[in-house]
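Okay, my_file23.tsv now, which holds TSV, C-alpha atoms:
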chain	number	residue	atom	x	y	z
A	1363	MET	CA	10.52	24.03	-6.71
A	1364	LYS	CA	9.10	21.05	-8.58
A	1365	LEU	CA	5.38	20.36	-8.58
A	1366	TRP	CA	5.24	17.33	-6.30
A	1367	PRO	CA	6.94	18.97	-3.26
A	1368	ARG	CA	4.52	21.89	-3.56
A	1369	VAL	CA	1.56	19.52	-3.71
A	1370	PHE	CA	2.75	17.72	-0.59
A	1371	LEU	CA	3.56	20.92	1.30
A	1372	ILE	CA	0.22	22.57	0.52
A	1373	GLY	CA	-1.69	19.39	1.32
A	1374	PHE	CA	0.19	18.85	4.59
A	1375	VAL	CA	-0.46	22.42	5.73
A	1376	LEU	CA	-4.17	22.07	4.93
A	1377	TRP	CA	-4.35	18.70	6.74
A	1378	LEU	CA	-2.51	20.03	9.79
A	1379	ALA	CA	-4.77	23.08	9.89
A	1380	SER	CA	-7.86	20.89	9.66
A	1381	VAL	CA	-6.60	18.71	12.53
A	1382	VAL	CA	-5.86	21.73	14.75
A	1383	VAL	CA	-9.19	23.42	14.04
A	1384	THR	CA	-11.11	20.17	14.54
A	1385	ALA	CA	-9.39	19.57	17.90
A	1386	TRP	CA	-9.87	23.21	18.95
A	1387	THR	CA	-13.53	23.51	18.04
A	1388	ALA	CA	-14.58	19.85	18.56
A	1389	ASN	CA	-16.58	20.26	15.35
A	1390	SER	CA	-17.33	16.76	14.06
A	1391	ASN	CA	-18.34	18.23	10.67
A	1392	LEU	CA	-14.64	18.73	9.97
A	1393	VAL	CA	-13.75	15.06	10.47
A	1394	PRO	CA	-14.36	14.13	6.79
A	1395	THR	CA	-11.92	16.89	5.81
A	1396	VAL	CA	-9.24	15.43	8.08
A	1397	VAL	CA	-9.91	11.91	6.77
A	1398	LEU	CA	-9.89	12.80	3.08
A	1399	ILE	CA	-6.88	15.13	3.04
A	1400	GLY	CA	-4.83	12.82	5.26
A	1401	SER	CA	-5.68	9.69	3.28
A	1402	PHE	CA	-5.08	11.19	-0.16
A	1403	LEU	CA	-2.06	13.41	0.62
A	1404	VAL	CA	0.78	10.90	0.14
A	1405	PRO	CA	-0.85	8.86	-2.69
A	1406	VAL	CA	-1.64	11.99	-4.72
A	1407	THR	CA	1.87	13.37	-4.14
A	1408	PHE	CA	3.46	10.19	-5.46
A	1409	VAL	CA	1.18	10.17	-8.52
A	1410	VAL	CA	2.23	13.77	-9.27
A	1411	TRP	CA	5.87	12.70	-8.85
A	1412	ALA	CA	5.35	9.72	-11.17
A	1413	TYR	CA	3.72	11.97	-13.78
A	1414	GLY	CA	6.86	14.09	-13.87
A	1415	ARG	CA	9.06	11.09	-14.59
A	1416	ASP	CA	9.90	9.53	-17.94
A	1417	ARG	CA	6.63	8.47	-19.63
A	1418	SER	CA	5.02	8.48	-23.07
A	1419	PRO	CA	2.53	11.12	-24.30
A	1420	GLN	CA	-0.21	8.48	-23.99
A	1421	VAL	CA	-0.10	8.79	-20.20
A	1422	THR	CA	-2.16	11.95	-19.95
A	1423	VAL	CA	-3.48	13.77	-16.90
A	1424	GLU	CA	-6.95	12.51	-17.76
A	1425	LEU	CA	-5.77	8.89	-17.88
A	1426	LEU	CA	-3.93	9.24	-14.58
A	1427	PHE	CA	-7.01	10.76	-12.95
A	1428	VAL	CA	-9.21	7.91	-14.18
A	1429	ALA	CA	-6.64	5.32	-13.11
A	1430	PHE	CA	-6.39	6.83	-9.63
A	1431	VAL	CA	-10.09	7.38	-8.94
A	1432	VAL	CA	-11.87	4.74	-11.02
A	1433	GLY	CA	-9.11	2.15	-10.63
A	1434	GLY	CA	-8.92	2.76	-6.90
A	1435	VAL	CA	-12.69	2.53	-6.40
A	1436	LEU	CA	-13.01	-0.57	-8.59
A	1437	GLY	CA	-10.19	-2.20	-6.68
A	1438	VAL	CA	-11.64	-1.43	-3.25
A	1439	LEU	CA	-15.15	-2.56	-4.23
A	1440	GLY	CA	-13.94	-5.74	-5.90
A	1441	ALA	CA	-11.66	-6.62	-2.98
A	1442	SER	CA	-14.44	-5.96	-0.47
A	1443	LEU	CA	-16.86	-8.25	-2.31
A	1444	LEU	CA	-14.38	-11.11	-2.65
A	1445	GLU	CA	-12.90	-10.76	0.85
A	1446	SER	CA	-16.39	-10.96	2.36
A	1447	LEU	CA	-16.26	-14.67	1.48
A	1448	LEU	CA	-13.29	-15.20	3.79
A	1449	ILE	CA	-14.41	-16.45	7.19
A	1450	ARG	CA	-11.64	-16.61	9.77
A	1451	PRO	CA	-8.09	-15.24	10.17
A	1452	SER	CA	-5.37	-17.70	9.16
A	1453	ILE	CA	-2.18	-17.93	7.14
A	1454	VAL	CA	-4.28	-19.04	4.18
A	1455	MET	CA	-6.48	-15.96	4.60
A	1456	TYR	CA	-3.47	-13.64	4.30
A	1457	VAL	CA	-2.47	-15.37	1.06
A	1458	LEU	CA	-6.02	-15.14	-0.30
A	1459	VAL	CA	-6.25	-11.43	0.59
A	1460	GLY	CA	-2.99	-10.82	-1.27
A	1461	LEU	CA	-4.22	-12.71	-4.32
A	1462	ILE	CA	-7.58	-10.92	-4.25
A	1463	GLU	CA	-6.34	-7.36	-3.80
A	1464	GLU	CA	-3.48	-7.65	-6.26
A	1465	GLY	CA	-5.81	-9.39	-8.70
A	1466	VAL	CA	-8.50	-6.70	-8.61
A	1467	LYS	CA	-5.94	-3.92	-8.97
A	1468	LEU	CA	-4.30	-5.62	-11.93
A	1469	GLY	CA	-7.73	-6.28	-13.42
A	1470	ALA	CA	-8.69	-2.62	-13.00
A	1471	LEU	CA	-5.44	-1.58	-14.72
A	1472	MET	CA	-6.09	-3.94	-17.63
A	1473	PHE	CA	-9.65	-2.67	-18.01
A	1474	LEU	CA	-8.75	1.03	-17.92
A	1475	THR	CA	-5.85	0.67	-20.39
A	1476	ARG	CA	-7.50	-1.80	-22.77
A	1477	ARG	CA	-7.61	0.77	-25.61
A	1478	MET	CA	-3.97	1.81	-25.40
A	1479	VAL	CA	-2.26	0.99	-28.69
A	1480	ARG	CA	1.36	1.39	-27.68
A	1481	ARG	CA	2.59	0.08	-24.33
A	1482	SER	CA	5.90	0.32	-22.55
A	1483	ALA	CA	7.05	-1.06	-19.23
A	1484	ARG	CA	7.69	2.49	-18.01
A	1485	ASP	CA	4.07	3.50	-18.67
A	1486	GLY	CA	2.89	0.31	-17.00
A	1487	ILE	CA	4.88	1.21	-13.89
A	1488	VAL	CA	3.40	4.72	-13.77
A	1489	LEU	CA	-0.18	3.62	-14.40
A	1490	GLY	CA	0.12	0.59	-12.12
A	1491	ALA	CA	1.42	2.77	-9.31
A	1492	THR	CA	-1.44	5.20	-9.91
A	1493	VAL	CA	-4.08	2.48	-9.58
A	1494	GLY	CA	-2.30	1.15	-6.50
A	1495	PHE	CA	-2.12	4.55	-4.85
A	1496	GLY	CA	-5.79	5.15	-5.62
A	1497	PHE	CA	-6.61	1.86	-3.91
A	1498	ALA	CA	-4.40	2.82	-0.95
A	1499	ALA	CA	-6.05	6.24	-0.60
A	1500	PHE	CA	-9.59	4.90	-0.44
A	1501	GLU	CA	-8.55	2.03	1.83
A	1502	SER	CA	-6.73	4.41	4.19
A	1503	ALA	CA	-9.82	6.60	4.37
A	1504	GLY	CA	-11.77	3.57	5.58
A	1505	TYR	CA	-9.15	2.66	8.20
A	1506	ALA	CA	-8.97	6.26	9.42
A	1507	PHE	CA	-12.76	6.46	9.69
A	1508	ASN	CA	-12.88	3.23	11.72
A	1509	ALA	CA	-10.03	4.44	13.98
A	1510	LEU	CA	-12.16	7.46	14.89
A	1511	PHE	CA	-14.65	5.36	16.84
A	1512	THR	CA	-13.63	3.99	20.25
A	1513	SER	CA	-15.42	2.74	23.34
A	1514	ASP	CA	-14.83	6.18	24.90
A	1515	GLY	CA	-16.32	8.06	21.95
A	1516	LEU	CA	-14.67	9.77	18.98
A	1517	SER	CA	-10.87	9.77	19.06
A	1518	LEU	CA	-9.18	12.34	16.82
A	1519	SER	CA	-5.74	11.23	18.06
A	1520	GLN	CA	-6.26	7.64	16.84
A	1521	LEU	CA	-7.50	8.93	13.51
A	1522	VAL	CA	-4.38	11.10	13.11
A	1523	GLU	CA	-2.05	8.26	14.20
A	1524	THR	CA	-3.65	5.91	11.67
A	1525	GLU	CA	-3.31	8.40	8.82
A	1526	VAL	CA	0.30	9.25	9.66
A	1527	LEU	CA	1.35	5.59	9.85
A	1528	ARG	CA	-0.45	4.57	6.68
A	1529	GLY	CA	0.83	7.68	4.91
A	1530	ILE	CA	4.42	6.76	5.79
A	1531	LEU	CA	4.01	3.16	4.66
A	1532	SER	CA	1.85	3.71	1.55
A	1533	PRO	CA	4.79	4.34	-0.86
A	1534	VAL	CA	6.10	0.82	-0.23
A	1535	GLY	CA	2.69	-0.85	-0.23
A	1536	HIS	CA	-0.11	-0.94	-2.79
A	1537	GLY	CA	1.46	1.58	-5.16
A	1538	LEU	CA	4.77	-0.29	-5.32
A	1539	TRP	CA	3.21	-3.73	-5.75
A	1540	THR	CA	0.88	-2.66	-8.57
A	1541	ALA	CA	3.71	-0.71	-10.23
A	1542	ILE	CA	5.67	-3.97	-10.48
A	1543	ALA	CA	2.70	-5.90	-11.90
A	1544	GLY	CA	1.88	-3.05	-14.29
A	1545	GLY	CA	5.45	-2.84	-15.57
A	1546	VAL	CA	5.57	-6.55	-16.32
A	1547	LEU	CA	2.08	-6.46	-17.89
A	1548	PHE	CA	2.96	-3.60	-20.24
A	1549	ALA	CA	6.31	-5.18	-21.08
A	1550	ALA	CA	4.23	-8.15	-22.31
A	1551	ARG	CA	2.11	-5.72	-24.40
A	1552	GLY	CA	-0.92	-6.29	-22.18
A	1553	ARG	CA	-1.03	-10.04	-22.73
A	1554	ILE	CA	-1.34	-12.59	-19.93
A	1555	THR	CA	1.99	-14.37	-20.26
A	1556	GLY	CA	3.93	-16.57	-17.88
A	1557	SER	CA	5.97	-13.58	-16.68
A	1558	VAL	CA	2.78	-11.64	-15.90
A	1559	VAL	CA	1.36	-14.56	-13.91
A	1560	LEU	CA	4.63	-14.93	-11.98
A	1561	ALA	CA	4.69	-11.18	-11.27
A	1562	TYR	CA	1.11	-11.33	-10.02
A	1563	LEU	CA	1.91	-14.28	-7.74
A	1564	GLY	CA	5.10	-12.56	-6.56
A	1565	VAL	CA	3.48	-9.28	-5.55
A	1566	SER	CA	0.61	-11.22	-3.97
A	1567	LEU	CA	3.16	-13.06	-1.85
A	1568	LEU	CA	4.82	-9.79	-0.82
A	1569	HIS	CA	1.37	-8.44	0.06
A	1570	ALA	CA	0.56	-11.54	2.14
A	1571	LEU	CA	3.89	-11.36	3.99
A	1572	TRP	CA	3.31	-7.66	4.69
A	1573	ASP	CA	-0.17	-8.25	6.12
A	1574	SER	CA	0.93	-11.25	8.18
A	1575	MET	CA	4.15	-9.70	9.50
A	1576	THR	CA	2.56	-8.99	12.89
A	1577	ALA	CA	1.72	-12.68	13.35
A	1578	ILE	CA	5.11	-13.74	11.99
A	1579	ALA	CA	6.90	-11.35	14.37
A	1580	ILE	CA	4.94	-12.72	17.34
A	1581	ALA	CA	5.81	-16.29	16.38
A	1582	ILE	CA	9.53	-15.48	15.92
A	1583	THR	CA	9.59	-13.59	19.22
A	1584	LEU	CA	8.08	-16.56	21.05
A	1585	VAL	CA	10.52	-18.99	19.44
A	1586	LEU	CA	13.50	-16.82	20.38
A	1587	THR	CA	12.46	-15.63	23.85
A	1588	GLY	CA	9.46	-17.73	24.92
A	1589	GLN	CA	9.47	-19.02	28.50
A	1590	PRO	CA	8.16	-22.49	29.48
A	1591	TRP	CA	5.26	-20.98	31.43
A	1592	GLN	CA	4.23	-18.95	28.38
A	1593	TRP	CA	4.20	-22.06	26.18
A	1594	GLU	CA	2.15	-23.88	28.80
A	1595	LEU	CA	-0.46	-21.11	28.88
A	1596	LEU	CA	-0.63	-21.15	25.08
A	1597	ARG	CA	-1.06	-24.92	25.13
A	1598	ILE	CA	-4.22	-24.62	27.26
A	1599	GLY	CA	-5.59	-21.77	25.12
A	1600	ARG	CA	-4.71	-18.79	27.34
A	1601	VAL	CA	-2.86	-15.65	26.29
A	1602	PRO	CA	0.28	-15.19	28.42
A	1603	ASN	CA	1.66	-11.88	29.60
A	1604	VAL	CA	4.79	-10.71	27.82
A	1605	THR	CA	7.97	-9.17	29.15
A	1606	ALA	CA	9.32	-5.75	28.23
A	1607	TRP	CA	12.21	-7.42	26.39
A	1608	GLN	CA	9.79	-9.47	24.31
A	1609	VAL	CA	7.96	-6.29	23.30
A	1610	HIS	CA	11.28	-4.84	22.07
A	1611	VAL	CA	12.16	-8.03	20.19
A	1612	TYR	CA	8.72	-8.12	18.57
A	1613	THR	CA	9.02	-4.49	17.44
A	1614	MET	CA	12.48	-5.05	15.95
A	1615	VAL	CA	11.43	-8.24	14.14
A	1616	ASN	CA	8.23	-6.64	12.81
A	1617	TRP	CA	9.98	-3.57	11.39
A	1618	ALA	CA	12.90	-5.63	10.07
A	1619	GLY	CA	10.40	-7.78	8.19
A	1620	LEU	CA	8.55	-4.80	6.71
A	1621	ILE	CA	11.82	-3.17	5.64
A	1622	THR	CA	13.03	-6.40	4.03
A	1623	ILE	CA	9.78	-6.81	2.08
A	1624	SER	CA	10.01	-3.19	0.93
A	1625	LEU	CA	13.62	-3.55	-0.21
A	1626	VAL	CA	12.83	-6.70	-2.17
A	1627	ALA	CA	9.95	-4.94	-3.94
A	1628	LEU	CA	12.03	-1.81	-4.65
A	1629	LEU	CA	14.88	-3.86	-6.12
A	1630	TRP	CA	12.39	-5.79	-8.24
A	1631	LEU	CA	10.86	-2.56	-9.55
A	1632	ARG	CA	14.30	-1.11	-10.25
A	1633	THR	CA	15.20	-4.21	-12.25
A	1634	ILE	CA	12.05	-3.83	-14.38
A	1635	ALA	CA	12.71	-0.12	-14.94
A	1636	THR	CA	16.38	-0.70	-15.82
A	1637	LYS	CA	15.49	-3.44	-18.30
A	1638	ALA	CA	12.90	-1.16	-19.91
A	1639	ARG	CA	15.40	1.70	-20.21
A	1640	ARG	CA	18.00	-0.55	-21.83
A	1641	GLY	CA	15.38	-1.79	-24.28
A	1642	ARG	CA	14.60	1.79	-25.34
A	1643	GLU	CA	18.29	2.57	-25.74
A	1644	ILE	CA	18.78	-0.45	-28.02
A	1645	LEU	CA	15.77	0.51	-30.15
A	1646	SER	CA	16.99	4.10	-30.49
A	1647	GLN	CA	20.40	3.04	-31.81
So, in terms of structure tokens, how does the structure I just supplied come out?
Amino acid sequence: MKLWPRVFLIGFVLWLASVVVTAWTANSNLVPTVVLIGSFLVPVTFVVWAYGRDRSPQVTVELLFVAFVVGGVLGVLGASLLESLLIRPSIVMYVLVGLIEEGVKLGALMFLTRRMVRRSARDGIVLGATVGFGFAAFESAGYAFNALFTSDGLSLSQLVETEVLRGILSPVGHGLWTAIAGGVLFAARGRITGSVVLAYLGVSLLHALWDSMTAIAIAITLVLTGQPWQWELLRIGRVPNVTAWQVHVYTMVNWAGLITISLVALLWLRTIATKARRGREILSQ
């Protein structure tokens, strides 16, 4: 068995055991164990998988560790500082969050790889994904910690639900977006070119669409199935009740949007990787 499936299997067993023991004993001292293992399990597994792929000798274990931990922490801290300036939820806020988070991750990648002499798009994809997964791991830990606290006290079930959902979605989130930006950056030999700026704006847009998909799905659902009385309540500033059919439509639209965004990003990354592979083949001839 390859390394990454073993990493995931061992981590999942440890996480599941920590959840069961925490629920059985009601020992709050074990909560950090549940949070950390659950938040880091999928990101670390994907970094191990990426390390086993085609990469140059410059991408060492030490560099990956620094990119994951230091890059992730720098990204989370930088995003938190800049996002604290945002005041109220709006479409513009989603765009700004995308620009901020993708900007700090790309900046962290540039800082940590500034001394690399030789660069390839493939290495940029691996290192970019590593920084992105580090960011996702620390961010997920924060979300899981917040989900623990409810008006009825500590909720282990909400913590577990948050970690499972974010774990499932993390491979097509931060790691994928920063892998795209990193691949384009390294293809440009670390220089800020027009293609790098366009890649940054593109992944920021994907990020913004991902974050705002809930609001977009609600709007589409109302346009498709909204009743006159619901529009009237909205007009006077009241939140209308929704029908069971509208809940189903919203769920389908929301997941269809997330899947579409993921497919676009995956195809974009595949294009970058294919172009890099063809470039190596031409140089080797």
Query raised in the report: Taking into account all atoms listed in the file, which residue in the set A:Thr1475, A:Ile1580, A:Val1421, A:Val1397 is nearest to Ala1509 in chain A?
Result: A:Val1397
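Comparing A:Ile1462, A:Val1438, A:Val1409, A:Leu1516 by their smallest distance to Ala1541 in chain A, the closest is A:Val1409 (using only C-alpha atoms).
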Identify, on the basis of only C-alpha atoms, every residue whose closest approach to Gly1564 in chain A does not exceed 10 Å; exclude the query and any residue fewer than 4 positions from it along the same chain; express the result as a compact mmCIF listing (two decimals) with C-alpha atoms, keeping the file's coordinate frame.
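Wrote it out as selection19.txt, contents follow:
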# COMPACT_ATOMS: atom_id res chain seq x y z
CA GLY A 1460 -2.99 -10.82 -1.27
CA LEU A 1461 -4.22 -12.71 -4.32
CA GLU A 1464 -3.48 -7.65 -6.26
CA TRP A 1539 3.21 -3.73 -5.75
CA ILE A 1542 5.67 -3.97 -10.48
CA ALA A 1543 2.70 -5.90 -11.90
CA VAL A 1558 2.78 -11.64 -15.90
CA VAL A 1559 1.36 -14.56 -13.91
CA LEU A 1560 4.63 -14.93 -11.98
CA LEU A 1568 4.82 -9.79 -0.82
CA HIS A 1569 1.37 -8.44 0.06
CA ALA A 1570 0.56 -11.54 2.14
CA ALA A 1627 9.95 -4.94 -3.94
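Distances from A:Asn1603, A:Ser1401, A:Thr1633, A:Thr1622 to Phe1507 in chain A were compared using only C-alpha atoms, and the smallest one belongs to A:Ser1401.
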**Report entry** Nearby residues (all atoms listed in the file) at most 12 Å from Ile1399 in chain A, same-chain spacing under 4 positions excluded, as a PyMOL selection string
**Finding:** chain A and resi 1369-1370+1372-1381+1392-1395+1403-1407+1499-1500+1502-1503+1506+1522+1525-1526+1529
Query raised in the report: Which distance in Å separates CA of Leu1439 in chain A and CA of Val1396 in chain A, to one decimal?
Result: 22.6 Å
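Taking CA of Leu1447 in chain A as the reference point, CA of Thr1576 in chain A is found at 22.7 Å.
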Requested in this report: For range 1480-1485 of chain A, work out the shell of residues within 9 Å, counting only C-alpha atoms and skipping chain neighbours fewer than 5 positions away, then give it as a PyMOL selection string.
Outcome: chain A and resi 1416-1418+1420-1421+1490+1544-1552+1634-1635+1637-1639
Query raised in the report: What lies within 9 Å of Thr1540 in chain A using all atoms listed in the file, ignoring chain neighbours under 5 positions off, as number ranges by chain?
Result: A: 1464, 1467-1468, 1471, 1487, 1489-1495, 1535, 1545, 1562, 1565
Residue subset to file, keeping C-alpha atoms, as a PDB file, keeping the file's coordinate frame:
ATOM      1  CA  GLU A1464      -3.480  -7.650  -6.260  1.00  0.00           C
ATOM      2  CA  LYS A1467      -5.940  -3.920  -8.970  1.00  0.00           C
ATOM      3  CA  LEU A1468      -4.300  -5.620 -11.930  1.00  0.00           C
ATOM      4  CA  LEU A1471      -5.440  -1.580 -14.720  1.00  0.00           C
ATOM      5  CA  ILE A1487       4.880   1.210 -13.890  1.00  0.00           C
ATOM      6  CA  LEU A1489      -0.180   3.620 -14.400  1.00  0.00           C
ATOM      7  CA  GLY A1490       0.120   0.590 -12.120  1.00  0.00           C
ATOM      8  CA  ALA A1491       1.420   2.770  -9.310  1.00  0.00           C
ATOM      9  CA  THR A1492      -1.440   5.200  -9.910  1.00  0.00           C
ATOM     10  CA  VAL A1493      -4.080   2.480  -9.580  1.00  0.00           C
ATOM     11  CA  GLY A1494      -2.300   1.150  -6.500  1.00  0.00           C
ATOM     12  CA  PHE A1495      -2.120   4.550  -4.850  1.00  0.00           C
ATOM     13  CA  GLY A1535       2.690  -0.850  -0.230  1.00  0.00           C
ATOM     14  CA  GLY A1545       5.450  -2.840 -15.570  1.00  0.00           C
ATOM     15  CA  TYR A1562       1.110 -11.330 -10.020  1.00  0.00           C
ATOM     16  CA  VAL A1565       3.480  -9.280  -5.550  1.00  0.00           C
TER      17      VAL A1565
END
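Proximity to Asn1616 in chain A was assessed for A:Leu1365, A:Met1575, A:Val1604, A:Val1410 counting all atoms listed in the file; the smallest distance is recorded for A:Met1575.
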Requested in this report: Name all residues at most 12 Å from Ser1517 in chain A (count only C-alpha atoms; drop same-chain ones fewer than 2 positions away) and give them as a ChimeraX atom specification.
Outcome: /A:1381,1384-1385,1388,1390,1393,1506-1515,1519-1524
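The smallest atom-to-atom distance between Trp1607 in chain A and any of A:Gly1414, A:Gly1619, A:Leu1584, A:Leu1629, using all atoms listed in the file, is found for A:Leu1584.
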How big is the axis-aligned box around the listed atoms of range 1601-1619 of chain A once 4 Å is added on each side, and where is its centre? Give both in Å to one decimal, as lines of an AutoDock Vina configuration file.
center_x = 5.0
center_y = -9.6
center_z = 18.9
size_x = 23.8
size_y = 20.1
size_z = 29.4
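For the atom pair formed by CA of Arg1476 in chain A and CA of Ala1498 in chain A, the distance is 22.5 Å, given to one decimal.
Candidate residues A:Gly1556, A:Leu1531, A:Gly1537, A:Thr1587 were compared for distance to Ile1621 in chain A, and the nearest is A:Leu1531, using all atoms listed in the file.
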